[in-house]
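Structure below is entry_21.pdb: PDB, C-alpha atoms, pLDDT in the B column.
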```pdb
ATOM      1  CA  MET A   1     -33.965  -2.424 -11.912  1.00 46.00           C
ATOM      2  CA  ALA A   2     -33.344  -0.803 -15.274  1.00 55.00           C
ATOM      3  CA  ASN A   3     -29.824  -0.367 -16.560  1.00 78.00           C
ATOM      4  CA  THR A   4     -29.766   3.284 -17.580  1.00 86.00           C
ATOM      5  CA  LYS A   5     -26.829   4.850 -19.392  1.00 92.00           C
ATOM      6  CA  VAL A   6     -25.530   7.690 -17.199  1.00 95.00           C
ATOM      7  CA  LEU A   7     -22.790  10.163 -18.096  1.00 97.00           C
ATOM      8  CA  VAL A   8     -20.738  11.101 -15.039  1.00 97.00           C
ATOM      9  CA  ALA A   9     -18.376  14.067 -15.360  1.00 97.00           C
ATOM     10  CA  ASP A  10     -16.292  14.190 -12.208  1.00 95.00           C
ATOM     11  CA  VAL A  11     -12.907  13.725 -10.611  1.00 93.00           C
ATOM     12  CA  PRO A  12     -11.810  10.177  -9.734  1.00 94.00           C
ATOM     13  CA  GLU A  13     -12.230  10.841  -6.015  1.00 90.00           C
ATOM     14  CA  GLU A  14     -16.000  11.128  -6.542  1.00 87.00           C
ATOM     15  CA  ASP A  15     -16.476   7.867  -8.442  1.00 92.00           C
ATOM     16  CA  GLU A  16     -17.248   5.619  -5.490  1.00 90.00           C
ATOM     17  CA  LYS A  17     -20.026   7.915  -4.243  1.00 88.00           C
ATOM     18  CA  ILE A  18     -21.669   7.870  -7.661  1.00 91.00           C
ATOM     19  CA  ARG A  19     -21.296   4.095  -7.915  1.00 92.00           C
ATOM     20  CA  GLU A  20     -22.837   3.753  -4.464  1.00 89.00           C
ATOM     21  CA  CYS A  21     -25.852   5.827  -5.502  1.00 88.00           C
ATOM     22  CA  LEU A  22     -26.325   4.240  -8.932  1.00 91.00           C
ATOM     23  CA  PRO A  23     -25.076   0.641  -8.616  1.00 90.00           C
ATOM     24  CA  ASP A  24     -27.367  -0.878 -11.238  1.00 89.00           C
ATOM     25  CA  HIS A  25     -26.733   1.537 -14.064  1.00 92.00           C
ATOM     26  CA  GLU A  26     -24.198   1.839 -16.859  1.00 94.00           C
ATOM     27  CA  LEU A  27     -21.928   4.640 -15.679  1.00 95.00           C
ATOM     28  CA  VAL A  28     -19.659   6.317 -18.214  1.00 96.00           C
ATOM     29  CA  PHE A  29     -17.035   8.477 -16.494  1.00 97.00           C
ATOM     30  CA  VAL A  30     -15.345  11.432 -18.202  1.00 98.00           C
ATOM     31  CA  ARG A  31     -12.628  13.636 -16.743  1.00 97.00           C
ATOM     32  CA  THR A  32     -12.299  16.556 -19.149  1.00 98.00           C
ATOM     33  CA  PHE A  33     -14.638  18.981 -20.828  1.00 98.00           C
ATOM     34  CA  SER A  34     -13.583  17.782 -24.287  1.00 97.00           C
ATOM     35  CA  ASP A  35     -14.236  14.135 -23.319  1.00 97.00           C
ATOM     36  CA  ALA A  36     -17.662  15.147 -22.011  1.00 98.00           C
ATOM     37  CA  ILE A  37     -18.501  16.879 -25.297  1.00 97.00           C
ATOM     38  CA  ARG A  38     -17.495  13.796 -27.268  1.00 96.00           C
ATOM     39  CA  ALA A  39     -19.572  11.560 -25.000  1.00 97.00           C
ATOM     40  CA  LEU A  40     -22.642  13.807 -25.207  1.00 97.00           C
ATOM     41  CA  ARG A  41     -22.455  13.868 -29.004  1.00 93.00           C
ATOM     42  CA  ALA A  42     -22.607  10.066 -28.972  1.00 88.00           C
ATOM     43  CA  ASN A  43     -26.054  10.413 -27.344  1.00 76.00           C
ATOM     44  CA  GLY A  44     -27.960   7.794 -25.443  1.00 85.00           C
ATOM     45  CA  TYR A  45     -27.533   9.155 -21.917  1.00 94.00           C
ATOM     46  CA  ARG A  46     -30.699   9.246 -19.812  1.00 92.00           C
ATOM     47  CA  LEU A  47     -29.082  11.122 -16.935  1.00 94.00           C
ATOM     48  CA  VAL A  48     -26.055  13.409 -16.673  1.00 97.00           C
ATOM     49  CA  VAL A  49     -24.238  13.858 -13.355  1.00 97.00           C
ATOM     50  CA  ILE A  50     -21.630  16.612 -13.055  1.00 97.00           C
ATOM     51  CA  GLY A  51     -19.310  16.900 -10.078  1.00 94.00           C
ATOM     52  CA  MET A  52     -18.573  20.296  -8.587  1.00 91.00           C
ATOM     53  CA  HIS A  53     -14.828  19.775  -9.113  1.00 90.00           C
ATOM     54  CA  PHE A  54     -15.083  18.381 -12.660  1.00 95.00           C
ATOM     55  CA  ASP A  55     -12.190  19.517 -14.885  1.00 95.00           C
ATOM     56  CA  GLU A  56     -10.986  22.271 -12.563  1.00 93.00           C
ATOM     57  CA  SER A  57     -14.489  23.391 -11.544  1.00 91.00           C
ATOM     58  CA  ARG A  58     -16.092  23.513 -15.003  1.00 96.00           C
ATOM     59  CA  MET A  59     -19.402  22.181 -13.665  1.00 96.00           C
ATOM     60  CA  PHE A  60     -21.484  25.196 -14.726  1.00 97.00           C
ATOM     61  CA  GLU A  61     -19.846  25.342 -18.149  1.00 97.00           C
ATOM     62  CA  LEU A  62     -20.690  21.692 -18.849  1.00 98.00           C
ATOM     63  CA  LEU A  63     -24.203  22.166 -17.492  1.00 98.00           C
ATOM     64  CA  GLN A  64     -24.826  25.060 -19.888  1.00 97.00           C
ATOM     65  CA  TYR A  65     -23.345  23.151 -22.818  1.00 97.00           C
ATOM     66  CA  THR A  66     -25.424  20.049 -22.086  1.00 97.00           C
ATOM     67  CA  LYS A  67     -28.731  21.903 -21.737  1.00 97.00           C
ATOM     68  CA  ALA A  68     -28.044  23.795 -24.993  1.00 96.00           C
ATOM     69  CA  LEU A  69     -27.994  20.516 -26.934  1.00 95.00           C
ATOM     70  CA  PRO A  70     -31.453  19.710 -28.354  1.00 94.00           C
ATOM     71  CA  ALA A  71     -30.950  16.000 -27.611  1.00 93.00           C
ATOM     72  CA  TYR A  72     -30.565  16.781 -23.906  1.00 95.00           C
ATOM     73  CA  LYS A  73     -33.190  19.439 -23.306  1.00 92.00           C
ATOM     74  CA  ASP A  74     -35.411  16.903 -21.470  1.00 93.00           C
ATOM     75  CA  VAL A  75     -32.641  14.816 -19.902  1.00 95.00           C
ATOM     76  CA  PRO A  76     -32.076  15.489 -16.190  1.00 95.00           C
ATOM     77  CA  VAL A  77     -28.717  17.016 -15.306  1.00 96.00           C
ATOM     78  CA  ILE A  78     -27.723  16.735 -11.651  1.00 96.00           C
ATOM     79  CA  CYS A  79     -24.768  18.603 -10.215  1.00 95.00           C
ATOM     80  CA  VAL A  80     -23.181  17.065  -7.151  1.00 92.00           C
ATOM     81  CA  GLN A  81     -20.703  17.738  -4.390  1.00 86.00           C
ATOM     82  CA  CYS A  82     -18.949  14.605  -3.180  1.00 79.00           C
ATOM     83  CA  LEU A  83     -15.715  15.940  -1.739  1.00 72.00           C
ATOM     84  CA  GLU A  84     -15.428  17.371   1.743  1.00 66.00           C
ATOM     85  CA  MET A  85     -15.317  21.167   1.701  1.00 69.00           C
ATOM     86  CA  GLY A  86     -16.262  23.722   4.290  1.00 67.00           C
ATOM     87  CA  LEU A  87     -19.266  25.212   2.525  1.00 67.00           C
ATOM     88  CA  ALA A  88     -22.065  26.831   4.486  1.00 67.00           C
ATOM     89  CA  GLU A  89     -25.656  25.671   3.970  1.00 70.00           C
ATOM     90  CA  ALA A  90     -26.433  29.053   2.379  1.00 72.00           C
ATOM     91  CA  VAL A  91     -23.739  28.430  -0.245  1.00 72.00           C
ATOM     92  CA  LEU A  92     -25.168  24.993  -1.002  1.00 71.00           C
ATOM     93  CA  LYS A  93     -28.650  26.505  -1.384  1.00 76.00           C
ATOM     94  CA  ASN A  94     -27.266  29.137  -3.765  1.00 89.00           C
ATOM     95  CA  MET A  95     -25.555  26.389  -5.779  1.00 89.00           C
ATOM     96  CA  ASP A  96     -28.916  24.648  -6.150  1.00 89.00           C
ATOM     97  CA  ASP A  97     -30.523  27.919  -7.271  1.00 92.00           C
ATOM     98  CA  ALA A  98     -27.735  28.533  -9.810  1.00 95.00           C
ATOM     99  CA  VAL A  99     -27.956  24.993 -11.204  1.00 96.00           C
ATOM    100  CA  LYS A 100     -31.717  25.330 -11.667  1.00 95.00           C
ATOM    101  CA  ALA A 101     -31.358  28.794 -13.250  1.00 96.00           C
ATOM    102  CA  LEU A 102     -29.054  27.237 -15.859  1.00 96.00           C
ATOM    103  CA  GLY A 103     -31.558  24.477 -16.675  1.00 96.00           C
ATOM    104  CA  GLY A 104     -30.225  21.764 -14.391  1.00 96.00           C
ATOM    105  CA  THR A 105     -32.463  19.570 -12.264  1.00 94.00           C
ATOM    106  CA  ALA A 106     -30.756  19.992  -8.894  1.00 92.00           C
ATOM    107  CA  PHE A 107     -27.536  20.350  -6.942  1.00 91.00           C
ATOM    108  CA  VAL A 108     -27.165  17.593  -4.373  1.00 87.00           C
ATOM    109  CA  ASP A 109     -24.735  17.030  -1.528  1.00 82.00           C
ATOM    110  CA  LEU A 110     -23.261  13.533  -1.527  1.00 81.00           C
ATOM    111  CA  ARG A 111     -20.577  14.088   1.092  1.00 74.00           C
ATOM    112  CA  ASP A 112     -20.273  11.418   3.792  1.00 64.00           C
ATOM    113  CA  HIS A 113     -21.668  13.566   6.558  1.00 58.00           C
ATOM    114  CA  ALA A 114     -24.411  15.167   4.460  1.00 55.00           C
ATOM    115  CA  LEU A 115     -27.683  15.201   6.334  1.00 57.00           C
ATOM    116  CA  HIS A 116     -29.648  13.896   3.354  1.00 68.00           C
ATOM    117  CA  PHE A 117     -27.046  11.648   1.699  1.00 69.00           C
ATOM    118  CA  ARG A 118     -29.284   8.577   1.478  1.00 73.00           C
ATOM    119  CA  SER A 119     -32.308  10.521   0.183  1.00 75.00           C
ATOM    120  CA  HIS A 120     -30.095  12.249  -2.408  1.00 76.00           C
ATOM    121  CA  CYS A 121     -28.875   8.846  -3.604  1.00 81.00           C
ATOM    122  CA  GLN A 122     -32.486   7.677  -3.838  1.00 84.00           C
ATOM    123  CA  PHE A 123     -33.288  10.816  -5.846  1.00 83.00           C
ATOM    124  CA  LEU A 124     -30.518  10.004  -8.350  1.00 85.00           C
ATOM    125  CA  GLU A 125     -31.703   6.402  -8.569  1.00 85.00           C
ATOM    126  CA  GLN A 126     -35.278   7.522  -9.155  1.00 86.00           C
ATOM    127  CA  LEU A 127     -34.249   9.900 -11.952  1.00 86.00           C
ATOM    128  CA  ALA A 128     -32.130   7.238 -13.622  1.00 85.00           C
ATOM    129  CA  SER A 129     -34.901   4.654 -13.398  1.00 83.00           C
ATOM    130  CA  GLU A 130     -37.682   6.991 -14.562  1.00 80.00           C
ATOM    131  CA  ASN A 131     -35.737   8.081 -17.622  1.00 65.00           C
ATOM    132  CA  THR A 132     -35.206   4.653 -19.101  1.00 47.00           C
ATOM    133  CA  GLY A 133     -38.049   5.330 -21.515  1.00 41.00           C
ATOM    134  CA  LEU A 134     -36.865   8.755 -22.621  1.00 38.00           C
ATOM    135  CA  SER A 135     -35.223   8.994 -25.961  1.00 32.00           C
ATOM    136  CA  PRO A 136     -32.897  11.916 -26.641  1.00 31.00           C
ATOM    137  CA  ASN A 137     -33.917  13.626 -29.890  1.00 25.00           C
TER     138      ASN A 137
END
```

Using structure tokens, write down the structure from this file.
Amino acid sequence: MANTKVLVADVPEEDEKIRECLPDHELVFVRTFSDAIRALRANGYRLVVIGMHFDESRMFELLQYTKALPAYKDVPVICVQCLEMGLAEAVLKNMDDAVKALGGTAFVDLRDHALHFRSHCQFLEQLASENTGLSPN
């Protein structure tokens, strides 16, 4: 399996879920918006994963910033929920719609009890593996 460089912007409590989904890739974790900006400017990421609770819920802000960078216009950006919260399915669907409206690829639920946890992990793995040949501009 290819070793893709993946930027992961999340809270530490989400790390294990991301590692479980992308075990064979180079994961670079950032905790703040400013660290994420610095990492993105360094380039080379083939996938960006942003946790819903990243830097006090700045997920949408980082998504917009990332997709505005020319080097990342074709790089998939996945927003994820890993922490247990009582969100209705309708809210999760609206999150997916909002992520896509802002240029993101998808919003996926990686909570333990999520109905599609394993398929969402496979989706992340597929995106990471498919983008090994992409070169940010």

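Of the residues under consideration (A:Pro70, A:Cys82, A:Val99, A:Gly104), A:Gly104 shows the shortest atom-to-atom contact distance to A:Val48 when counting only C-alpha atoms.
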
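Every residue that the PyMOL selection byres ((chain A and resi 19) around 12) selects in this file is listed here: Val6, Leu7, Val8, Pro12, Glu13, Glu14, Asp15, Glu16, Lys17, Ile18, Glu20, Cys21, Leu22, Pro23, Asp24, His25, Glu26, Leu27, Val28, Phe29, Val49, Cys82, Leu110, Cys121, Leu124 and Glu125 of chain A.
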
**Report entry** Atomic distance atom CA of A:Lys73 - atom CA of A:Val30, expressed in Å with one decimal
**Finding:**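 Going from atom CA of A:Lys73 over to atom CA of A:Val30, I get 20.2 Å.
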
Query - Near-A:Gln64 list (10 Å; all atoms listed in the file; drop same-chain fewer than 2 positions) as a ChimeraX atom specification - result: /A:59-62,66-69,99,102-104

Query raised in the report: Hey, which of A:Ala90, A:Val80, A:Ala71, A:Met95 ends up closest to A:Val108? Count only C-alpha atoms.
Result: A:Val80

Just so the selection is clear, what residues does the PyMOL selection byres ((chain A and resi 41) around 12) cover here, as a compact mmCIF listing (two decimals) with C-alpha atoms, in the frame of the given file?
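Written output follows (part-v9.txt):
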```
# COMPACT_ATOMS: atom_id res chain seq x y z
CA LEU A 7 -22.79 10.16 -18.10
CA SER A 34 -13.58 17.78 -24.29
CA ASP A 35 -14.24 14.14 -23.32
CA ALA A 36 -17.66 15.15 -22.01
CA ILE A 37 -18.50 16.88 -25.30
CA ARG A 38 -17.50 13.80 -27.27
CA ALA A 39 -19.57 11.56 -25.00
CA LEU A 40 -22.64 13.81 -25.21
CA ALA A 42 -22.61 10.07 -28.97
CA ASN A 43 -26.05 10.41 -27.34
CA GLY A 44 -27.96 7.79 -25.44
CA TYR A 45 -27.53 9.15 -21.92
CA TYR A 65 -23.34 23.15 -22.82
CA THR A 66 -25.42 20.05 -22.09
CA LEU A 69 -27.99 20.52 -26.93
CA PRO A 70 -31.45 19.71 -28.35
CA ALA A 71 -30.95 16.00 -27.61
CA TYR A 72 -30.56 16.78 -23.91
CA PRO A 136 -32.90 11.92 -26.64
CA ASN A 137 -33.92 13.63 -29.89
```

Query - Given the PyMOL selection byres ((chain A and resi 51) around 7), the residues it picks as a ChimeraX atom specification - result: /A:9-10,49-50,52-54,59,79-81

Requested in this report: Enter the distance from atom CA of A:Val75 to atom CA of A:Val91, in Å, rounded to one decimal.
Outcome: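 Value for the atom CA of A:Val75-atom CA of A:Val91 distance: 25.5 Å.
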
Query raised in the report: Could you work out how far atom CA of A:Leu63 lies from atom CA of A:Arg118, giving the answer in Å with one decimal?
Result: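 These two atoms are separated by 23.9 Å.
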
To test the calculation: enclose all listed atoms of stretch 105-111 of chain A in a box whose edges run along x, y and z, add 8 Å on each side, then state centre and edge lengths in Å to one decimal, as AutoDock Vina command-line options.
```
--center_x -26.5 --center_y 16.9 --center_z -5.6 --size_x 27.9 --size_y 22.8 --size_z 29.4
```

Report task. Have a look at A:Asp96, A:Asp74, A:Glu130, A:Asp55 and name the one nearest to A:Asp109; count all atoms listed in the file. Result ->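 For A:Asp109, the nearest of the given residues is A:Asp96.
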
Query - Which of A:Thr32, A:Lys93, A:Gln122, A:Ile78 sits closest to A:Ser57 [using all atoms listed in the file] - result: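 Between A:Thr32, A:Lys93, A:Gln122, A:Ile78, the residue approaching A:Ser57 most closely is A:Thr32.
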